[in-house]
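For reference, model_27.txt (compact mmCIF, C-alpha atoms and all ligand atoms):
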```txt
# COMPACT_ATOMS: atom_id res chain seq x y z
CA MET A 1 164.38 110.10 120.91
CA ILE A 2 162.35 107.87 118.59
CA ASN A 3 160.29 105.10 120.16
CA VAL A 4 158.49 102.20 118.55
CA THR A 5 155.31 104.25 118.74
CA LYS A 6 154.13 107.68 119.74
CA THR A 7 150.71 108.29 121.22
CA PHE A 8 148.51 110.45 119.03
CA PHE A 9 147.46 113.60 120.91
CA PRO A 10 144.49 115.40 119.38
CA PRO A 11 144.53 119.22 119.65
CA ILE A 12 143.91 120.03 123.30
CA ALA A 13 141.00 122.35 122.48
CA GLU A 14 139.20 119.39 120.90
CA TYR A 15 139.83 117.26 123.98
CA THR A 16 138.69 120.00 126.38
CA PHE A 17 135.59 120.54 124.25
CA GLN A 18 134.66 116.91 124.91
CA VAL A 19 135.61 117.11 128.61
CA GLN A 20 133.45 120.22 128.91
CA ARG A 21 130.48 118.11 127.86
CA ALA A 22 131.07 115.80 130.83
CA TYR A 23 131.22 118.87 133.10
CA THR A 24 127.99 120.22 131.63
CA ASN A 25 126.30 116.85 132.08
CA GLU A 26 127.84 116.50 135.56
CA TRP A 27 128.37 112.87 134.64
CA LEU A 28 131.69 111.01 134.79
CA THR A 29 131.00 107.30 134.45
CA ASN A 30 128.34 104.56 134.30
CA ARG A 31 127.82 104.82 130.56
CA GLY A 32 127.19 108.48 130.04
CA GLU A 33 126.49 110.35 126.84
CA LEU A 34 130.13 110.40 125.70
CA VAL A 35 130.62 106.65 126.07
CA ARG A 36 127.41 105.94 124.17
CA GLU A 37 128.28 108.41 121.44
CA LEU A 38 131.73 106.91 120.97
CA GLU A 39 130.19 103.44 120.71
CA GLU A 40 127.84 104.65 117.98
CA LYS A 41 130.68 106.29 116.07
CA LEU A 42 132.86 103.20 116.29
CA THR A 43 130.04 100.86 115.28
CA ASP A 44 129.49 103.03 112.20
CA TYR A 45 133.17 103.40 111.40
CA LEU A 46 133.81 99.67 111.66
CA LYS A 47 130.63 98.96 109.65
CA LEU A 48 129.64 96.29 112.14
CA ASP A 49 127.09 94.00 110.63
CA VAL A 50 125.99 91.30 113.06
CA ALA A 51 128.37 91.75 115.97
CA LYS A 52 127.44 94.25 118.65
CA MET A 53 130.04 96.08 120.68
CA PHE A 54 130.50 98.12 123.82
CA ILE A 55 133.57 99.82 125.18
CA THR A 56 135.42 98.89 128.35
CA ASN A 57 138.11 100.16 130.70
CA ASN A 58 140.88 98.25 128.89
CA GLY A 59 141.47 95.33 126.54
CA THR A 60 142.29 92.78 129.23
CA ILE A 61 139.08 92.76 131.28
CA PRO A 62 136.91 91.72 128.29
CA LEU A 63 139.28 88.77 127.71
CA GLN A 64 138.85 87.81 131.35
CA ILE A 65 135.07 88.19 131.19
CA ALA A 66 134.90 86.03 128.05
CA LEU A 67 137.05 83.37 129.70
CA LYS A 68 135.00 83.55 132.89
CA LEU A 69 131.80 82.93 130.90
CA LEU A 70 133.12 80.43 128.35
CA GLY A 71 136.30 78.91 129.81
CA GLY A 72 134.73 76.91 132.62
CA GLY A 73 138.11 76.58 134.35
CA GLY A 74 139.22 74.21 131.60
CA GLU A 75 142.01 74.06 129.08
CA ILE A 76 142.32 76.96 126.67
CA ILE A 77 144.16 76.43 123.43
CA THR A 78 146.20 79.54 122.81
CA THR A 79 149.14 81.12 121.06
CA PRO A 80 152.55 81.60 122.67
CA PHE A 81 153.20 84.61 120.43
CA SER A 82 151.18 87.53 121.75
CA TYR A 83 151.32 90.19 124.41
CA VAL A 84 151.46 88.68 127.91
CA ALA A 85 147.86 89.78 128.63
CA THR A 86 146.57 86.89 126.49
CA THR A 87 148.18 84.20 128.65
CA ALA A 88 147.77 86.12 131.90
CA ALA A 89 144.00 86.41 131.37
CA ILE A 90 143.77 82.62 131.03
CA VAL A 91 145.74 81.93 134.20
CA TRP A 92 143.93 84.74 136.09
CA GLU A 93 140.60 83.06 135.29
CA ASN A 94 141.85 79.75 136.67
CA CYS A 95 142.01 78.13 133.28
CA THR A 96 145.03 76.31 131.88
CA PRO A 97 146.81 77.62 128.79
CA ILE A 98 147.65 74.90 126.29
CA PHE A 99 150.03 76.42 123.80
CA VAL A 100 150.00 75.58 120.12
CA ASP A 101 152.96 76.78 118.06
CA ILE A 102 152.65 79.50 115.42
CA HIS A 103 152.99 79.72 111.67
CA PRO A 104 156.50 81.01 110.87
CA GLU A 105 155.32 83.59 108.32
CA PHE A 106 151.82 84.63 109.39
CA LEU A 107 152.91 84.58 113.08
CA THR A 108 149.40 83.54 114.13
CA ILE A 109 148.52 80.23 115.81
CA ASP A 110 149.21 77.27 113.50
CA GLU A 111 145.71 75.92 112.97
CA THR A 112 147.05 72.61 111.65
CA LYS A 113 148.39 71.85 115.14
CA ILE A 114 145.24 72.73 117.09
CA GLU A 115 143.37 69.43 116.89
CA ALA A 116 146.27 67.45 118.38
CA ALA A 117 146.10 69.68 121.47
CA ILE A 118 142.38 69.18 122.15
CA THR A 119 141.44 67.03 125.15
CA ASP A 120 138.16 66.44 126.97
CA LYS A 121 139.07 69.41 129.21
CA THR A 122 139.37 71.87 126.32
CA THR A 123 136.69 74.57 126.36
CA CYS A 124 137.96 77.42 124.19
CA ILE A 125 140.45 78.55 121.62
CA LEU A 126 141.90 81.98 122.45
CA ALA A 127 143.98 83.19 119.51
CA THR A 128 145.52 86.56 118.69
CA HIS A 129 145.33 88.35 115.33
CA VAL A 130 149.01 89.22 115.73
CA PHE A 131 149.96 92.73 114.60
CA GLY A 132 146.52 92.92 113.02
CA ASN A 133 147.15 89.86 110.83
CA PRO A 134 144.07 87.62 111.07
CA CYS A 135 144.34 83.99 112.14
CA ASN A 136 143.08 81.30 109.77
CA ILE A 137 139.54 82.13 110.85
CA GLU A 138 137.69 79.62 108.64
CA GLU A 139 139.78 76.67 109.75
CA ILE A 140 139.62 77.63 113.42
CA GLU A 141 135.84 77.93 113.13
CA ARG A 142 135.63 74.51 111.51
CA ILE A 143 137.71 72.90 114.27
CA ALA A 144 135.75 74.67 117.00
CA LYS A 145 132.41 73.53 115.57
CA LYS A 146 133.61 69.96 115.21
CA HIS A 147 134.81 69.78 118.83
CA ASN A 148 132.15 72.03 120.34
CA LEU A 149 134.61 74.70 121.46
CA LYS A 150 134.18 78.46 121.78
CA VAL A 151 136.47 80.86 119.94
CA ILE A 152 137.73 84.06 121.52
CA TYR A 153 139.91 86.39 119.47
CA ASP A 154 142.33 88.75 121.13
CA ALA A 155 142.04 91.42 118.45
CA ALA A 156 143.86 94.08 120.47
CA HIS A 157 145.92 95.04 117.40
CA SER A 158 143.13 94.83 114.87
CA PHE A 159 141.25 98.14 114.95
CA ALA A 160 140.01 98.89 111.40
CA VAL A 161 141.24 95.57 109.98
CA GLN A 162 138.84 94.09 107.44
CA TYR A 163 138.91 90.41 106.60
CA LYS A 164 137.02 89.17 103.54
CA GLY A 165 135.12 92.43 103.30
CA LYS A 166 134.03 92.82 106.90
CA SER A 167 135.44 93.92 110.21
CA VAL A 168 137.69 91.26 111.72
CA PHE A 169 135.77 91.88 114.96
CA GLU A 170 132.77 90.07 113.40
CA TYR A 171 134.55 86.72 113.74
CA GLY A 172 134.68 84.34 116.68
CA ASP A 173 132.21 83.96 119.53
CA VAL A 174 133.85 86.96 121.19
CA SER A 175 136.44 89.43 119.93
CA THR A 176 138.21 92.02 122.04
CA CYS A 177 140.19 95.14 121.23
CA SER A 178 142.47 97.45 123.20
CA PHE A 179 142.30 101.24 123.11
CA HIS A 180 145.48 101.67 125.17
CA ALA A 181 147.52 104.79 124.40
CA THR A 182 150.03 102.75 122.37
CA LYS A 183 147.37 101.23 120.15
CA LEU A 184 146.11 102.49 116.79
CA PHE A 185 142.90 104.06 118.08
CA HIS A 186 143.06 105.03 121.74
CA THR A 187 141.18 106.43 124.70
CA GLY A 188 144.27 106.61 126.95
CA GLU A 189 143.22 103.38 128.62
CA GLY A 190 140.31 101.50 127.15
CA GLY A 191 139.09 98.62 125.07
CA ALA A 192 136.06 97.02 123.49
CA VAL A 193 134.26 93.74 123.21
CA PHE A 194 132.40 92.39 120.18
CA CYS A 195 129.90 89.57 120.13
CA LYS A 196 127.32 88.26 117.65
CA ASP A 197 125.19 86.12 119.95
CA PRO A 198 122.62 88.34 121.74
CA GLU A 199 122.42 86.05 124.77
CA LEU A 200 126.19 85.90 125.26
CA TYR A 201 126.46 89.63 124.58
CA ARG A 202 123.97 90.30 127.37
CA LYS A 203 126.00 88.18 129.80
CA ILE A 204 129.23 89.94 128.89
CA TYR A 205 127.52 93.29 129.21
CA TYR A 206 126.15 92.54 132.69
CA SER A 207 129.47 91.06 133.74
CA HIS A 208 131.31 94.31 133.02
CA ASN A 209 129.03 96.17 135.44
CA PHE A 210 129.30 94.01 138.57
CA GLY A 211 126.67 91.63 137.21
CA HIS A 212 123.85 94.20 137.56
CA ASN A 213 120.78 93.64 135.44
CA GLY A 214 118.78 96.16 137.40
CA PRO A 215 119.44 98.52 140.30
CA VAL A 216 118.92 95.75 142.85
CA ASP A 217 119.10 92.69 140.57
CA PHE A 218 122.09 90.62 139.55
CA PHE A 219 122.45 88.29 136.60
CA GLY A 220 125.46 86.72 138.29
CA LEU A 221 129.08 87.36 139.13
CA GLY A 222 130.52 90.53 137.67
CA ILE A 223 133.49 92.86 137.75
CA ASN A 224 134.11 96.54 137.01
CA GLY A 225 134.95 96.85 133.33
CA LYS A 226 133.38 100.26 132.79
CA ILE A 227 135.14 103.06 130.96
CA SER A 228 134.75 106.67 132.15
CA GLU A 229 133.44 109.72 130.31
CA LEU A 230 136.91 111.25 130.54
CA HIS A 231 138.39 108.35 128.57
CA ALA A 232 135.54 108.50 126.08
CA ALA A 233 136.30 112.23 125.72
CA MET A 234 139.82 111.35 124.56
CA GLY A 235 138.38 108.76 122.17
CA LEU A 236 135.92 111.27 120.70
CA ALA A 237 138.78 113.75 120.19
CA VAL A 238 141.03 111.13 118.52
CA PHE A 239 138.27 109.60 116.39
CA PRO A 240 138.05 112.32 113.67
CA TYR A 241 141.76 111.75 112.93
CA MET A 242 141.52 108.00 112.28
CA ASP A 243 141.70 108.24 108.49
CA GLU A 244 144.67 110.59 108.71
CA ILE A 245 146.39 108.30 111.23
CA LEU A 246 145.89 105.26 109.00
CA ALA A 247 147.09 107.09 105.86
CA GLY A 248 150.19 108.41 107.65
CA ARG A 249 151.05 104.97 108.94
CA LYS A 250 150.59 103.48 105.49
CA ASP A 251 153.19 105.95 104.17
CA VAL A 252 155.68 104.80 106.80
CA VAL A 253 155.02 101.13 106.00
CA ASP A 254 155.42 101.81 102.26
CA PHE A 255 158.71 103.57 102.94
CA TYR A 256 160.09 100.61 104.92
CA ASN A 257 158.82 98.18 102.29
CA THR A 258 160.56 99.97 99.45
CA ASN A 259 163.76 101.05 101.19
CA LEU A 260 164.78 98.31 103.60
CA ASP A 261 167.22 95.74 102.31
CA PHE A 262 165.44 92.41 102.76
CA THR A 263 168.43 90.20 101.88
CA THR A 264 168.66 88.90 105.44
CA LEU A 265 165.42 90.34 106.82
CA ALA A 266 161.98 88.80 106.67
CA LYS A 267 158.58 90.45 106.85
CA MET A 268 155.37 89.07 108.31
CA LYS A 269 153.16 87.60 105.60
CA LEU A 270 149.65 89.06 105.54
CA ARG A 271 146.82 86.59 105.14
CA ASP A 272 144.95 86.76 101.82
CA GLY A 273 141.70 88.67 102.10
CA THR A 274 143.10 91.09 104.68
CA ASP A 275 142.67 94.83 104.48
CA TRP A 276 145.37 95.66 107.01
CA ASN A 277 145.73 98.58 109.47
CA TYR A 278 149.51 99.28 109.46
CA SER A 279 149.56 98.77 113.21
CA TYR A 280 153.12 97.42 113.59
CA TYR A 281 156.19 96.93 111.46
CA PRO A 282 157.81 93.68 112.60
CA VAL A 283 161.01 92.48 110.96
CA MET A 284 162.64 89.10 111.55
CA PHE A 285 166.41 88.76 111.59
CA GLU A 286 168.37 85.61 110.84
CA SER A 287 169.45 85.27 114.47
CA GLU A 288 169.13 86.91 117.85
CA ALA A 289 172.74 88.06 117.51
CA ALA A 290 171.84 89.92 114.30
CA LEU A 291 168.88 91.52 116.07
CA LEU A 292 170.96 92.61 119.05
CA LYS A 293 173.58 94.13 116.77
CA ILE A 294 171.01 96.27 114.96
CA GLN A 295 169.16 97.12 118.14
CA LYS A 296 172.42 98.39 119.65
CA ALA A 297 173.22 100.51 116.60
CA LEU A 298 169.71 101.98 116.61
CA ASN A 299 169.79 102.63 120.37
CA GLU A 300 173.09 104.50 119.96
CA ALA A 301 171.27 106.78 117.53
CA GLN A 302 168.49 107.26 120.13
CA ILE A 303 166.10 105.02 118.20
CA PHE A 304 164.22 102.49 120.30
CA PRO A 305 162.40 99.71 118.47
CA ARG A 306 160.69 97.10 120.69
CA ARG A 307 161.07 93.36 120.96
CA TYR A 308 157.41 92.48 120.43
CA PHE A 309 156.89 89.75 121.52
CA TYR A 310 159.60 88.51 123.78
CA PRO A 311 159.76 86.13 125.53
CA SER A 312 157.58 83.50 123.92
CA LEU A 313 154.69 83.14 126.41
CA ASN A 314 155.20 79.41 126.99
CA ARG A 315 158.27 80.53 128.98
CA VAL A 316 156.67 82.92 131.49
CA ASN A 317 157.20 81.69 135.02
CA TYR A 318 153.55 80.99 135.92
CA VAL A 319 152.80 78.46 133.22
CA GLU A 320 153.97 74.92 132.85
CA SER A 321 156.80 75.27 130.38
CA GLN A 322 156.06 73.68 127.01
CA GLU A 323 158.52 73.79 124.14
CA MET A 324 157.34 75.89 121.18
CA ALA A 325 160.20 75.80 118.71
CA ILE A 326 158.88 78.26 116.12
CA SER A 327 157.47 80.82 118.52
CA GLU A 328 160.65 80.78 120.60
CA SER A 329 162.80 81.15 117.52
CA ILE A 330 160.71 84.05 116.14
CA ALA A 331 160.47 85.74 119.55
CA SER A 332 164.26 85.75 119.83
CA ARG A 333 164.81 87.54 116.51
CA ILE A 334 161.82 89.79 115.82
CA LEU A 335 161.85 93.53 116.26
CA CYS A 336 159.08 96.09 115.72
CA LEU A 337 160.38 99.23 114.03
CA PRO A 338 159.15 102.74 114.85
CA LEU A 339 155.79 103.38 113.22
CA TYR A 340 153.52 106.34 113.85
CA LEU A 341 151.82 109.19 112.03
CA SER A 342 154.31 111.96 112.82
CA LEU A 343 157.46 109.95 112.13
CA GLU A 344 159.58 112.30 110.01
CA LYS A 345 161.01 111.36 106.65
CA ASN A 346 164.61 112.12 107.67
CA ASP A 347 164.24 109.95 110.78
CA LEU A 348 162.85 107.14 108.65
CA GLU A 349 165.82 107.50 106.30
CA ARG A 350 168.20 107.27 109.28
CA ILE A 351 166.49 104.12 110.59
CA VAL A 352 166.64 102.42 107.21
CA GLU A 353 170.26 103.49 106.66
CA ILE A 354 171.40 102.05 109.99
CA ILE A 355 169.58 98.75 109.42
CA ASN A 356 170.81 98.37 105.85
CA PHE A 357 174.36 99.31 106.77
CA VAL A 358 174.74 97.18 109.90
CA GLN A 359 173.01 93.98 108.73
C1 LIG B 401 147.60 95.66 124.39
C2 LIG B 401 147.22 94.23 124.35
C3 LIG B 401 146.33 93.68 125.28
C4 LIG B 401 145.89 94.40 126.51
O1 LIG B 401 145.18 95.53 126.30
P1 LIG B 401 145.08 96.61 127.48
O2 LIG B 401 144.11 97.59 126.93
O3 LIG B 401 146.45 97.17 127.68
O4 LIG B 401 144.55 95.93 128.70
C5 LIG B 401 145.91 92.37 125.12
N1 LIG B 401 146.39 91.62 124.11
C6 LIG B 401 147.26 92.09 123.20
C7 LIG B 401 147.72 91.21 122.09
C8 LIG B 401 147.74 93.41 123.32
O5 LIG B 401 148.65 93.87 122.46
```
Just dump the structure as structure tokens.
Amino acid sequence: MINVTKTFFPPIAEYTFQVQRAYTNEWLTNRGELVRELEEKLTDYLKLDVAKMFITNNGTIPLQIALKLLGGGGEIITTPFSYVATTAAIVWENCTPIFVDIHPEFLTIDETKIEAAITDKTTCILATHVFGNPCNIEEIERIAKKHNLKVIYDAAHSFAVQYKGKSVFEYGDVSTCSFHATKLFHTGEGGAVFCKDPELYRKIYYSHNFGHNGPVDFFGLGINGKISELHAAMGLAVFPYMDEILAGRKDVVDFYNTNLDFTTLAKMKLRDGTDWNYSYYPVMFESEAALLKIQKALNEAQIFPRRYFYPSLNRVNYVESQEMAISESIASRILCLPLYLSLEKNDLERIVEIINFVQ
């Protein structure tokens, strides 16, 4: 069976070596040696310049913390084309998602439609760098400055993406990433938060540890967003393979790019200035019927691509439904093809053959 992705498992001896360290330290959580070491390695690897980062128990809690601190229970301008966590975090923090449709080729929020959606209740823009493709960062920053809004980027897909020569995590007031097992770099469950402003960083940091700013002192309301040493152990075991993982994924992407028949298929357009991470391989069909036909043929061959992202988030049952013509159209006919390091050449050939033959 071939799924859309396959979790990278480092050699078990390398994982147990890291777990052994936690045993030796007799320390399992509350920011032990392994968590701090992984943070240092990631900061180096990502070449973080201004932004500071720390790692968390997943990629959703940092979104919620950022919205708790910056959202003020107001209206959040957001994209309908993302994983459901983006919208859910807004609603969970008692804010109101105001959807703005997406660009049909970049698949990120259409920045030209943002200003029309701003009201006196708007506090933040929460946009997703979809499939690692950056939003129009400069324009969003300009709009946010003009209207005194904060910018939060859901950069869950964007590990190792560079935009205009620096980590995409450097942009926005806050950026978040996910280290879930299905993501590019993973700790089983995990995530990270990035922030340039030292004051805001401090608030986010305290918030992820129940609000503690001392053993018996509290900065304010907090939650448990801490990651354990056991998760950091997995991260430390995966980390040395990152370059190999990225190179292997690039080979798969190159194969699809050269061998798929794009007569009736469309690819996502990468934004200029992007050094991409080969995190997903989305293809857009002419219609949902065409997608379903190919999906069925692939499933019969035990190949299971995923409909990322379906449905368009303006249609989930806990938001006020707003029509988003482009996002709904794309969501109905986009499919992410299998993409991972160990995907075999003959399997890739089979996938391409089925798609080219059936379409
Ligand atoms: C995976 C993902 C998340 C959630 O991350 P978790 O680590 O699973 O909590 C949030 N947003 C997007 C766009 C994602 O793909």
- Message: Measuring between only C-alpha atoms and all ligand atoms, which one of A:Arg333, A:His186, A:Arg249, A:Arg271 shows the shortest distance to ligand LIG 401 (chain B)?
- Response: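 Among A:Arg333, A:His186, A:Arg249, A:Arg271, it is A:His186 that comes nearest to ligand LIG 401 (chain B).
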- From the set A:Leu265, A:Ser312, A:Glu14, A:Ala301, which residue has the shortest atom-to-atom contact distance to Tyr241 (chain A), counting all atoms listed in the file?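 Result for the nearest residue to Tyr241 (chain A): A:Glu14.
CA of Phe179 (chain A) is found 8.8 Å from atom C3 of ligand LIG 401 (chain B).
Nearest residue to ligand LIG 401 (chain B) among A:Lys296, A:His212, A:His180, A:Lys250 is A:His180, counting only C-alpha atoms and all ligand atoms.
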- From CA of Leu337 (chain A) to CA of Arg306 (chain A) the spacing works out at 7.0 Å
- Task: Please check which protein, DNA or RNA residues sit within 6 Å of ligand LIG 401 (chain B), counting all atoms listed in the file, and write them as a list in words.
- Result: Asn58, Gly59, Thr60, Ser82, Tyr83, Ala85, Thr86, Asp154, Ala156, His157, Ser178, Phe179, His180, Gly190 and Gly191 of chain A
Quick one: region 36-48 of chain A with N, CA and C atoms, as an mmCIF file, in the coordinates of the input?
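Writing done, so here's selection.cif:
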```
data_model
loop_
_atom_site.group_PDB
_atom_site.id
_atom_site.type_symbol
_atom_site.label_atom_id
_atom_site.label_comp_id
_atom_site.auth_asym_id
_atom_site.auth_seq_id
_atom_site.Cartn_x
_atom_site.Cartn_y
_atom_site.Cartn_z
ATOM 1 N N ARG A 36 128.394 106.445 125.120
ATOM 2 C CA ARG A 36 127.410 105.940 124.170
ATOM 3 C C ARG A 36 127.630 106.528 122.774
ATOM 4 N N GLU A 37 128.010 107.786 122.740
ATOM 5 C CA GLU A 37 128.280 108.410 121.440
ATOM 6 C C GLU A 37 129.502 107.784 120.762
ATOM 7 N N LEU A 38 130.532 107.528 121.557
ATOM 8 C CA LEU A 38 131.730 106.910 120.970
ATOM 9 C C LEU A 38 131.394 105.504 120.448
ATOM 10 N N GLU A 39 130.590 104.777 121.184
ATOM 11 C CA GLU A 39 130.190 103.440 120.710
ATOM 12 C C GLU A 39 129.455 103.518 119.376
ATOM 13 N N GLU A 40 128.565 104.493 119.248
ATOM 14 C CA GLU A 40 127.840 104.650 117.980
ATOM 15 C C GLU A 40 128.790 104.971 116.842
ATOM 16 N N LYS A 41 129.724 105.893 117.114
ATOM 17 C CA LYS A 41 130.680 106.290 116.070
ATOM 18 C C LYS A 41 131.538 105.111 115.639
ATOM 19 N N LEU A 42 131.987 104.333 116.615
ATOM 20 C CA LEU A 42 132.860 103.200 116.290
ATOM 21 C C LEU A 42 132.095 102.121 115.533
ATOM 22 N N THR A 43 130.865 101.863 115.954
ATOM 23 C CA THR A 43 130.040 100.860 115.280
ATOM 24 C C THR A 43 129.864 101.232 113.808
ATOM 25 N N ASP A 44 129.621 102.509 113.564
ATOM 26 C CA ASP A 44 129.490 103.030 112.200
ATOM 27 C C ASP A 44 130.796 102.890 111.426
ATOM 28 N N TYR A 45 131.862 103.362 112.055
ATOM 29 C CA TYR A 45 133.170 103.400 111.400
ATOM 30 C C TYR A 45 133.611 101.992 111.006
ATOM 31 N N LEU A 46 133.384 101.048 111.899
ATOM 32 C CA LEU A 46 133.810 99.670 111.660
ATOM 33 C C LEU A 46 132.817 98.927 110.763
ATOM 34 N N LYS A 47 131.691 99.562 110.466
ATOM 35 C CA LYS A 47 130.630 98.960 109.650
ATOM 36 C C LYS A 47 130.232 97.597 110.221
ATOM 37 N N LEU A 48 130.011 97.565 111.516
ATOM 38 C CA LEU A 48 129.640 96.290 112.140
ATOM 39 C C LEU A 48 128.311 95.833 111.582
#
```
